[in-house]
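Colleague: Contents of start-v5.txt (compact mmCIF, C-alpha atoms and all ligand atoms) are below:
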```txt
# COMPACT_ATOMS: atom_id res chain seq x y z
CA ARG A 1 0.00 0.00 0.00
CA ALA A 2 1.15 3.51 -0.75
CA THR A 3 1.94 6.06 1.95
CA LEU A 4 0.82 9.69 2.01
CA GLY A 5 2.74 12.25 4.06
CA VAL A 6 1.76 15.37 5.92
CA MET A 7 3.85 18.18 7.34
CA GLY A 8 2.38 19.04 10.74
CA GLY A 9 0.63 16.91 13.33
CA GLY A 10 -2.28 19.03 14.58
CA GLN A 11 -5.99 18.25 14.39
CA LEU A 12 -6.13 19.02 10.67
CA GLY A 13 -3.40 16.45 10.13
CA ARG A 14 -5.28 13.97 12.29
CA MET A 15 -8.44 14.30 10.19
CA PHE A 16 -6.33 14.06 7.02
CA VAL A 17 -4.84 10.80 8.35
CA HIS A 18 -8.31 9.40 9.04
CA ALA A 19 -9.43 10.22 5.49
CA ALA A 20 -6.27 8.74 3.95
CA GLN A 21 -6.58 5.56 5.99
CA ARG A 22 -10.17 5.09 4.87
CA LEU A 23 -8.86 4.86 1.30
CA GLY A 24 -6.31 2.26 2.37
CA TYR A 25 -3.24 4.46 2.51
CA PHE A 26 -0.54 4.33 5.12
CA THR A 27 0.36 7.75 6.47
CA ALA A 28 3.48 9.52 7.70
CA VAL A 29 3.34 12.62 9.89
CA LEU A 30 6.28 14.92 10.48
CA ASP A 31 5.90 16.90 13.70
CA PRO A 32 8.31 17.57 16.57
CA ASP A 33 5.68 16.88 19.26
CA ALA A 34 5.57 13.27 20.56
CA GLN A 35 1.90 13.74 21.50
CA SER A 36 0.74 15.47 18.31
CA PRO A 37 -2.91 14.64 17.47
CA ALA A 38 -1.98 13.33 13.99
CA GLY A 39 1.22 11.59 15.07
CA LEU A 40 -0.79 9.56 17.60
CA VAL A 41 -2.98 8.01 14.86
CA SER A 42 -0.46 7.69 12.02
CA HIS A 43 1.50 4.61 10.92
CA HIS A 44 4.67 6.65 10.84
CA HIS A 45 5.46 9.59 13.04
CA ILE A 46 8.71 11.32 12.20
CA GLN A 47 9.29 13.24 15.37
CA THR A 48 11.64 16.00 14.41
CA ASP A 49 11.92 19.64 13.48
CA TYR A 50 10.27 20.78 10.19
CA ASN A 51 13.65 21.85 8.82
CA ASP A 52 15.60 18.72 9.78
CA PRO A 53 17.17 17.42 6.53
CA ALA A 54 17.22 13.82 7.79
CA GLY A 55 13.55 13.97 8.74
CA LEU A 56 12.58 15.45 5.40
CA ALA A 57 14.59 12.77 3.56
CA GLN A 58 12.83 10.07 5.60
CA LEU A 59 9.41 11.57 4.80
CA ALA A 60 10.21 11.75 1.09
CA ASP A 61 11.52 8.16 1.13
CA LEU A 62 8.33 6.84 2.71
CA CYS A 63 5.75 8.79 0.76
CA GLN A 64 4.12 8.82 -2.65
CA ALA A 65 3.00 12.43 -2.18
CA ILE A 66 3.15 15.01 0.60
CA THR A 67 0.77 17.70 1.85
CA THR A 68 0.70 20.16 4.71
CA GLU A 69 -1.74 20.88 7.51
CA PHE A 70 0.23 23.53 9.33
CA GLU A 71 -0.06 27.12 8.22
CA ASN A 72 3.50 28.03 9.06
CA VAL A 73 5.38 24.99 7.81
CA PRO A 74 8.67 26.38 6.42
CA ALA A 75 8.17 26.89 2.68
CA GLN A 76 11.84 25.90 2.25
CA ALA A 77 11.08 22.45 3.69
CA LEU A 78 8.31 21.95 1.11
CA GLN A 79 10.77 23.06 -1.57
CA THR A 80 13.22 20.38 -0.43
CA LEU A 81 10.54 17.68 -0.46
CA ALA A 82 9.37 18.76 -3.92
CA GLN A 83 12.78 17.87 -5.37
CA THR A 84 11.84 14.19 -5.14
CA ARG A 85 8.09 13.95 -4.50
CA PRO A 86 4.85 15.65 -5.55
CA VAL A 87 4.01 18.24 -2.89
CA ALA A 88 0.52 19.77 -2.82
CA PRO A 89 0.05 22.61 -2.16
CA GLY A 90 3.48 23.68 -3.37
CA ALA A 91 6.09 25.77 -1.59
CA ALA A 92 5.45 28.88 -3.68
CA VAL A 93 1.72 29.15 -2.94
CA VAL A 94 2.18 28.22 0.72
CA GLY A 95 4.79 30.99 0.90
CA ILE A 96 2.29 33.49 -0.49
CA ALA A 97 -0.42 32.46 1.98
CA GLN A 98 2.05 32.72 4.87
CA ASP A 99 2.78 36.38 4.23
CA ARG A 100 -0.07 38.89 4.36
CA ILE A 101 1.89 41.32 2.19
CA GLU A 102 2.35 38.77 -0.60
CA GLU A 103 -1.15 37.43 -0.08
CA LYS A 104 -2.74 40.84 -0.54
CA ALA A 105 -0.57 41.48 -3.59
CA HIS A 106 -1.89 38.24 -5.07
CA PHE A 107 -5.49 39.19 -4.33
CA ALA A 108 -4.87 42.54 -6.03
CA ALA A 109 -3.23 40.82 -9.01
CA CYS A 110 -6.28 38.67 -9.68
CA ALA A 111 -8.97 41.19 -8.68
CA ASP A 112 -10.04 41.50 -12.32
CA ILE A 113 -10.93 37.82 -12.57
CA SER A 114 -12.02 37.26 -8.94
CA GLY A 115 -14.17 40.39 -8.83
CA VAL A 116 -13.14 41.11 -5.22
CA THR A 117 -10.54 43.25 -3.49
CA CYS A 118 -9.22 43.21 0.05
CA ALA A 119 -9.75 45.85 2.73
CA PRO A 120 -7.82 49.12 2.23
CA TYR A 121 -4.38 48.61 3.77
CA ALA A 122 -0.79 49.78 3.93
CA VAL A 123 2.47 47.93 4.54
CA ILE A 124 4.64 48.88 7.52
CA GLU A 125 8.16 47.46 7.46
CA THR A 126 10.23 50.50 8.47
CA PRO A 127 9.93 53.45 10.88
CA ALA A 128 9.77 55.73 7.82
CA GLN A 129 6.73 53.85 6.49
CA LEU A 130 5.12 54.02 9.91
CA GLN A 131 5.63 57.78 10.01
CA ALA A 132 4.30 58.28 6.49
CA ILE A 133 1.16 56.34 7.38
CA GLN A 134 0.73 58.28 10.62
CA GLU A 135 0.89 61.49 8.60
CA ASN A 136 -1.02 60.58 5.45
CA ARG A 137 -3.31 57.61 5.98
CA ALA A 138 -5.90 58.72 8.52
CA ASP A 139 -8.36 56.92 6.20
CA LEU A 140 -7.03 53.58 7.57
CA LEU A 141 -8.07 54.42 11.14
CA PRO A 142 -9.58 52.91 13.13
CA GLY A 143 -7.72 49.89 11.86
CA ILE A 144 -6.13 46.57 12.72
CA LEU A 145 -2.37 46.18 12.69
CA LYS A 146 -1.51 42.59 11.74
CA THR A 147 1.91 40.96 11.60
CA ALA A 148 2.67 39.90 8.02
CA ARG A 149 3.74 36.45 9.16
CA MET A 150 2.86 33.80 11.79
CA GLY A 151 -0.46 35.23 13.05
CA TYR A 152 -3.50 33.00 13.54
CA ASP A 153 -6.68 32.94 15.65
CA GLY A 154 -6.39 36.71 16.04
CA LYS A 155 -2.88 36.46 17.51
CA GLY A 156 -0.36 38.98 16.21
CA GLN A 157 -3.08 41.63 15.77
CA VAL A 158 -3.73 44.89 17.58
CA ARG A 159 -6.73 47.17 17.04
CA VAL A 160 -5.74 50.82 16.83
CA LYS A 161 -7.81 54.01 16.80
CA THR A 162 -5.20 56.77 16.55
CA ALA A 163 -1.81 57.40 14.94
CA HIS A 164 -0.33 57.37 18.43
CA GLU A 165 -1.83 53.95 19.21
CA LEU A 166 -0.51 52.69 15.88
CA ALA A 167 3.09 53.48 16.83
CA ALA A 168 2.65 51.79 20.22
CA ALA A 169 1.06 48.74 18.58
CA TRP A 170 3.88 48.38 16.05
CA ALA A 171 6.42 48.45 18.91
CA GLU A 172 4.29 45.93 20.85
CA LEU A 173 4.38 43.55 17.86
CA GLY A 174 8.18 43.81 17.80
CA SER A 175 8.45 46.29 14.90
CA VAL A 176 8.27 43.37 12.47
CA ALA A 177 6.75 43.58 8.98
CA CYS A 178 3.04 44.35 9.35
CA VAL A 179 0.00 45.48 7.44
CA LEU A 180 -2.37 48.12 8.76
CA GLU A 181 -5.87 47.26 7.59
CA LYS A 182 -8.85 49.56 7.77
CA MET A 183 -11.43 48.27 10.26
CA LEU A 184 -14.51 47.44 8.19
CA PRO A 185 -18.08 47.40 9.50
CA LEU A 186 -18.75 43.70 8.87
CA THR A 187 -22.28 42.46 8.37
CA ALA A 188 -21.08 38.85 8.03
CA GLU A 189 -18.08 36.64 7.34
CA CYS A 190 -17.93 33.57 5.17
CA SER A 191 -15.38 31.18 3.71
CA VAL A 192 -15.16 28.97 0.65
CA LEU A 193 -13.37 25.63 0.36
CA VAL A 194 -11.91 24.85 -3.05
CA ALA A 195 -10.07 21.71 -4.14
CA ARG A 196 -7.97 21.64 -7.29
CA GLY A 197 -6.20 18.65 -8.80
CA TRP A 198 -2.89 18.32 -10.67
CA ASP A 199 -4.89 18.25 -13.91
CA GLY A 200 -6.70 21.51 -13.11
CA GLN A 201 -10.01 19.91 -12.11
CA VAL A 202 -11.72 22.21 -9.61
CA VAL A 203 -14.53 21.52 -7.16
CA SER A 204 -15.86 23.69 -4.35
CA TYR A 205 -18.37 23.76 -1.53
CA ALA A 206 -21.03 26.41 -1.07
CA PRO A 207 -19.79 29.19 1.24
CA GLN A 208 -20.36 28.77 4.95
CA ARG A 209 -21.06 31.69 7.28
CA ASN A 210 -18.61 32.07 10.15
CA VAL A 211 -19.02 33.77 13.51
CA HIS A 212 -15.81 34.76 15.29
CA VAL A 213 -15.59 35.61 18.98
CA ALA A 214 -12.45 37.38 20.18
CA GLY A 215 -10.73 36.68 16.84
CA ILE A 216 -11.33 32.89 16.98
CA LEU A 217 -13.89 30.97 14.95
CA ALA A 218 -16.79 30.06 17.26
CA VAL A 219 -19.68 28.96 15.03
CA THR A 220 -20.04 27.93 11.38
CA HIS A 221 -23.44 27.97 9.70
CA ALA A 222 -23.60 25.64 6.70
CA TYR A 223 -26.96 25.38 5.03
CA GLU A 224 -28.87 26.92 2.17
CA GLY A 225 -29.69 30.49 3.08
CA ALA A 226 -26.80 30.88 5.53
CA MET A 227 -25.54 33.44 3.00
CA PRO A 228 -27.67 35.45 0.55
CA PRO A 229 -27.62 33.48 -2.75
CA ALA A 230 -26.05 36.20 -4.91
CA LEU A 231 -23.22 36.75 -2.42
CA ALA A 232 -22.71 33.01 -2.11
CA THR A 233 -22.28 32.69 -5.87
CA SER A 234 -19.85 35.63 -6.02
CA ALA A 235 -17.77 34.27 -3.13
CA ARG A 236 -17.58 30.81 -4.66
CA ASP A 237 -16.59 32.15 -8.07
CA ALA A 238 -13.99 34.43 -6.48
CA ALA A 239 -12.41 31.61 -4.48
CA VAL A 240 -12.19 29.39 -7.57
CA ALA A 241 -10.62 32.23 -9.56
CA ILE A 242 -8.07 32.83 -6.79
CA ALA A 243 -7.15 29.12 -6.68
CA GLN A 244 -6.83 28.91 -10.45
CA HIS A 245 -4.75 32.06 -10.69
CA LEU A 246 -2.33 30.54 -8.15
CA GLY A 247 -2.13 27.25 -10.05
CA TYR A 248 -3.07 25.79 -6.70
CA VAL A 249 -3.13 22.01 -6.10
CA GLY A 250 -4.86 20.70 -2.97
CA MET A 251 -7.44 22.14 -0.56
CA LEU A 252 -7.64 25.90 -0.26
CA CYS A 253 -9.85 27.96 2.03
CA VAL A 254 -10.57 31.60 1.18
CA GLU A 255 -12.06 33.81 3.91
CA PHE A 256 -14.32 36.74 3.03
CA PHE A 257 -15.80 39.73 4.82
CA VAL A 258 -19.21 41.09 3.91
CA VAL A 259 -19.75 44.83 4.31
CA ASN A 260 -22.93 46.69 3.61
CA ASP A 261 -21.50 49.25 1.18
CA GLY A 262 -24.08 49.00 -1.58
CA SER A 263 -21.31 48.30 -4.10
CA ALA A 264 -21.56 46.28 -7.31
CA HIS A 265 -19.93 43.16 -5.83
CA GLY A 266 -22.44 43.19 -2.96
CA GLY A 267 -19.89 44.26 -0.41
CA LEU A 268 -17.78 41.11 -0.67
CA VAL A 269 -14.17 41.68 0.48
CA VAL A 270 -11.49 38.98 0.49
CA ASN A 271 -9.74 38.62 3.87
CA GLU A 272 -7.12 35.87 3.69
CA MET A 273 -6.55 32.33 2.54
CA ALA A 274 -5.35 29.13 4.22
CA PRO A 275 -3.38 26.64 2.08
CA ARG A 276 -5.03 23.62 3.67
CA PRO A 277 -8.34 22.35 5.00
CA HIS A 278 -9.91 24.83 7.40
CA ASN A 279 -11.72 24.86 10.73
CA SER A 280 -14.79 26.33 9.01
CA GLY A 281 -14.94 23.23 6.78
CA HIS A 282 -15.18 20.65 9.54
CA TYR A 283 -18.95 20.34 9.02
CA THR A 284 -18.16 18.61 5.70
CA LEU A 285 -17.15 15.50 7.69
CA ASP A 286 -20.73 14.92 8.83
CA ALA A 287 -22.90 16.86 6.39
CA CYS A 288 -21.40 16.04 2.98
CA ASN A 289 -20.75 13.03 0.75
CA ALA A 290 -17.06 13.94 0.66
CA SER A 291 -15.24 15.92 3.36
CA GLN A 292 -12.57 18.56 2.88
CA PHE A 293 -10.05 15.97 4.07
CA ASP A 294 -11.26 13.44 1.48
CA LEU A 295 -10.71 16.09 -1.19
CA GLN A 296 -7.26 16.88 0.18
CA VAL A 297 -6.34 13.18 -0.14
CA HIS A 298 -7.80 12.88 -3.63
CA ALA A 299 -6.08 16.05 -4.85
CA MET A 300 -2.60 15.21 -3.61
CA ALA A 301 -2.79 11.55 -4.68
CA GLY A 302 -3.98 12.42 -8.18
CA LEU A 303 -7.38 10.75 -7.79
CA PRO A 304 -10.48 12.23 -9.46
CA LEU A 305 -12.16 14.84 -7.25
CA PRO A 306 -15.72 13.93 -6.25
CA GLN A 307 -18.23 16.74 -6.71
CA PRO A 308 -19.04 17.62 -3.09
CA ARG A 309 -22.70 17.55 -2.19
CA GLN A 310 -24.14 18.53 1.19
CA HIS A 311 -26.87 16.15 2.33
CA SER A 312 -27.87 17.84 5.62
CA PRO A 313 -27.99 21.36 6.96
CA ALA A 314 -25.32 21.78 9.61
CA ILE A 315 -23.97 24.04 12.34
CA MET A 316 -20.49 23.55 13.75
CA LEU A 317 -19.54 24.69 17.24
CA ASN A 318 -15.87 24.97 18.11
CA LEU A 319 -14.84 23.43 21.44
CA LEU A 320 -12.04 25.51 22.91
CA GLY A 321 -10.16 24.72 26.11
CA GLU A 322 -12.54 26.90 28.17
CA VAL A 323 -15.17 24.16 27.90
CA TRP A 324 -13.00 21.93 30.11
CA PHE A 325 -13.17 24.37 33.07
CA ASP A 326 -16.14 25.08 35.34
CA ALA A 327 -17.21 28.53 36.57
CA SER A 328 -14.79 28.36 39.52
CA GLY A 329 -11.86 27.54 37.24
CA GLN A 330 -11.68 23.83 38.15
CA GLN A 331 -10.74 21.54 35.26
CA ARG A 332 -13.25 18.76 34.50
CA GLU A 333 -14.54 16.71 31.57
CA PRO A 334 -17.55 18.35 29.87
CA ASP A 335 -20.92 16.59 30.16
CA TRP A 336 -20.79 14.61 26.90
CA GLN A 337 -23.69 12.42 28.07
CA ALA A 338 -26.02 15.42 27.95
CA VAL A 339 -24.61 16.75 24.67
CA LEU A 340 -24.73 13.43 22.86
CA SER A 341 -28.28 12.75 23.95
CA LEU A 342 -29.33 15.64 21.68
CA PRO A 343 -30.34 14.44 18.20
CA GLY A 344 -27.91 14.92 15.30
CA THR A 345 -24.83 15.75 17.37
CA HIS A 346 -21.44 14.61 16.06
CA LEU A 347 -18.61 15.04 18.56
CA HIS A 348 -15.01 15.25 17.35
CA LEU A 349 -12.21 15.37 19.92
CA TYR A 350 -8.61 15.79 18.82
CA GLY A 351 -6.87 13.72 21.48
CA LYS A 352 -5.08 16.64 23.13
CA ALA A 353 -4.14 15.76 26.69
CA GLU A 354 -4.07 19.26 28.13
CA ALA A 355 -6.88 21.82 27.89
CA ARG A 356 -5.82 25.46 27.80
CA PRO A 357 -8.04 28.50 27.25
CA GLY A 358 -8.27 29.26 23.51
CA ARG A 359 -6.83 25.87 22.53
CA LYS A 360 -8.84 24.02 19.88
CA MET A 361 -9.73 20.75 21.62
CA GLY A 362 -12.52 19.53 19.34
CA HIS A 363 -15.71 20.53 17.60
CA LEU A 364 -19.35 19.55 17.63
CA THR A 365 -21.35 19.41 14.42
CA ILE A 366 -25.12 19.33 14.48
CA THR A 367 -26.98 17.95 11.48
CA GLY A 368 -30.69 17.46 11.08
CA PRO A 369 -33.60 17.26 8.67
CA ASP A 370 -34.08 21.05 8.46
CA VAL A 371 -32.42 24.30 9.49
CA ALA A 372 -34.87 25.07 12.29
CA SER A 373 -34.25 21.79 14.12
CA VAL A 374 -30.47 22.09 13.62
CA LYS A 375 -30.57 25.57 15.17
CA THR A 376 -32.66 24.37 18.10
CA VAL A 377 -30.23 21.58 18.91
CA ALA A 378 -27.19 23.83 18.36
CA ARG A 379 -28.58 26.36 20.84
CA ARG A 380 -29.18 23.66 23.42
CA ALA A 381 -25.69 22.22 22.97
CA ALA A 382 -24.08 25.67 23.10
CA GLY A 383 -26.04 26.35 26.29
CA LEU A 384 -25.02 23.08 27.93
CA LEU A 385 -21.37 23.77 27.16
CA SER A 386 -21.52 27.55 27.85
CA LEU A 387 -20.11 28.24 24.39
CA PRO A 388 -19.58 31.76 23.04
CA GLY A 389 -21.72 32.83 20.09
CA LEU A 390 -24.92 31.25 21.43
CA ASP A 391 -26.81 34.48 20.76
CA THR A 392 -25.83 34.33 17.07
CA ILE A 393 -27.38 30.93 16.34
P1 LIG A 401 -7.31 32.81 11.30
O1 LIG A 401 -7.31 32.01 12.55
O2 LIG A 401 -8.63 32.81 10.56
O3 LIG A 401 -6.14 32.55 10.42
P2 LIG A 401 -6.10 35.41 11.69
O4 LIG A 401 -5.42 35.53 13.02
O5 LIG A 401 -5.26 35.20 10.51
O6 LIG A 401 -7.23 34.33 11.81
P3 LIG A 401 -7.87 37.41 10.47
O7 LIG A 401 -8.65 36.45 9.70
O8 LIG A 401 -7.06 38.41 9.75
O9 LIG A 401 -6.93 36.73 11.58
O10 LIG A 401 -8.81 38.19 11.49
C1 LIG A 401 -9.51 37.50 12.52
C2 LIG A 401 -10.89 38.09 12.67
O11 LIG A 401 -10.80 39.47 13.07
C3 LIG A 401 -11.67 38.14 11.36
O12 LIG A 401 -12.29 36.90 11.08
C4 LIG A 401 -12.65 39.26 11.66
O13 LIG A 401 -13.69 38.81 12.52
C5 LIG A 401 -11.80 40.26 12.41
N1 LIG A 401 -11.15 41.18 11.46
C6 LIG A 401 -9.95 41.03 10.87
N2 LIG A 401 -9.67 42.04 10.02
C7 LIG A 401 -10.72 42.87 10.06
C8 LIG A 401 -11.04 44.11 9.40
N3 LIG A 401 -10.19 44.69 8.52
N4 LIG A 401 -12.24 44.70 9.69
C9 LIG A 401 -13.08 44.12 10.58
N5 LIG A 401 -12.84 42.97 11.23
C10 LIG A 401 -11.68 42.32 10.98
MG MG A 402 -5.12 33.66 9.18
MG MG A 403 -8.84 34.48 9.38
```
Take the structure I supplied and represent it as structure tokens, if you would.
Ligand code: ATP
Ligand code: MG
Ligand code: MG
Modeller:
Amino acid sequence: RATLGVMGGGQLGRMFVHAAQRLGYFTAVLDPDAQSPAGLVSHHHIQTDYNDPAGLAQLADLCQAITTEFENVPAQALQTLAQTRPVAPGAAVVGIAQDRIEEKAHFAACADISGVTCAPYAVIETPAQLQAIQENRADLLPGILKTARMGYDGKGQVRVKTAHELAAAWAELGSVACVLEKMLPLTAECSVLVARGWDGQVVSYAPQRNVHVAGILAVTHAYEGAMPPALATSARDAAVAIAQHLGYVGMLCVEFFVVNDGSAHGGLVVNEMAPRPHNSGHYTLDACNASQFDLQVHAMAGLPLPQPRQHSPAIMLNLLGEVWFDASGQQREPDWQAVLSLPGTHLHLYGKAEARPGRKMGHLTITGPDVASVKTVARRAAGLLSLPGLDTI
């Protein structure tokens, strides 16, 4: 049997491994952590640093093809692997997605075919650029200063209202390369999952609507009507155009903002992209004929991509570490008995031993015969677990 490899051993890698195994593949995970969620369930776990030449050689030796699940896997390591094995997505596109400055430049470069632009922004890499923005770009305030690299789940971001706060925020972030983005009045957020094969075949899912709390995804709504139909079509077309323009191979997630600006494109603004399956696509495991991880496996292995079809309306609730603590701060196991007695609940836990606030420990997807019953159950589950975002369901 052939072996498929993945750089990174987090929960996305774990769900990739499950999907690969279902098709009869062996898997190899490269991750330095002995207890990594994917390493624990994989045939091979190469427990070493992402840049370790010996580890990379071992991964390439074992595997027919290699993918990534970790946003910040060194692009150079993917480059090395690509010398001997198919790597999807490739180092160049992963490198673009890892750097907000390059990412925004790409979005701008394909705006004509995608029909969307990103939020107004400016690059800050030097004190001179900072000063110029303080003096000339009041239009970007209030704004969000984001590090160009390594940020996720709202980390590496500071909200700023004044030019003075901007300078303090840049210092706080270590004076590294950043983008200052204008704060937009969002009416909604959504994301689109696109898979593209080596032969250029493209499939996508309908956009799902995402609710973030404190910069972290809390709730995903995935059903017809979660987004207005015209916006949903524009977002899907835009994400496909972005993937094609990149020559992307594998699973790509493109995040969008919706603003109520009365513009021609319906106020759709592209936020960022993730070169891998995405938290907002976890509902596809329980609500679709093929999950985002199935498509990741098919794409990298050169198998035909199934046309994804959603068979049930779904809501996904993220389970962060907070759920494992009671009101007095005592750690305890959540009441799964109560949650799983609700109809249509699908519990996914990632096998992480230690719960910490903000840490993604698992997710709960609710499916059902219709949107109303899915919402009812989701509200009950969110209430039982004291989840954020309950009021938005
Ligand atoms: P992820 O975990 O999705 O990779 P991230 O840390 O890369 O997150 P962003 O997606 O840039 O961060 O921002 C996180 C959230 O902050 C967004 O989903 C949105 O809710 C809010 N946000 C970010 N930028 C803006 C903006 N320009 N205007 C309004 N809200 C914003
Ligand atoms: Mg991000
Ligand atoms: Mg994001």
Colleague: So which residues are near ligand MG 403 (chain A), meaning at most 9 Å away with all atoms listed in the file counted, given back as a count of residues only?
Modeller: 13
Colleague: Show me, as a list of chain:residue names, the residues that have an atom within 12 Å of Ala132 of chain A when counting all atoms listed in the file, minus same-chain residues fewer than 4 positions from it.
Modeller: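 Counting all atoms listed in the file, the residues come to A:Ala122, A:Val123, A:Ile124, A:Glu125, A:Thr126, A:Pro127, A:Ala128, A:Asn136, A:Arg137, A:Ala138, A:Ala163, A:Leu166, A:Ala167.
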Colleague: State, in Å with one decimal place, the distance from atom CA of Pro89 of chain A to atom P3 of ligand LIG 401 (chain A).
Modeller: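 Result for atom CA of Pro89 of chain A versus atom P3 of ligand LIG 401 (chain A): 21.0 Å, one decimal.
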Colleague: Can you tell me which residues sit at most 9 Å away from ligand LIG 401 (chain A), counting only C-alpha atoms and all ligand atoms, written as a ChimeraX atom specification?
Modeller: /A:71,100,118-121,143-146,150-157,180-186,188-190,210-217,255-257,271-274,278-279
Colleague: One number please: atom CA of Tyr223 of chain A to atom CA of Val203 of chain A, in Å, one decimal.
Modeller: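 Result for atom CA of Tyr223 of chain A versus atom CA of Val203 of chain A: 17.8 Å, one decimal.
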Colleague: In Å, with one decimal, what is the gap from atom CA of Ala65 of chain A to atom CA of Leu285 of chain A?
Modeller: 22.6 Å
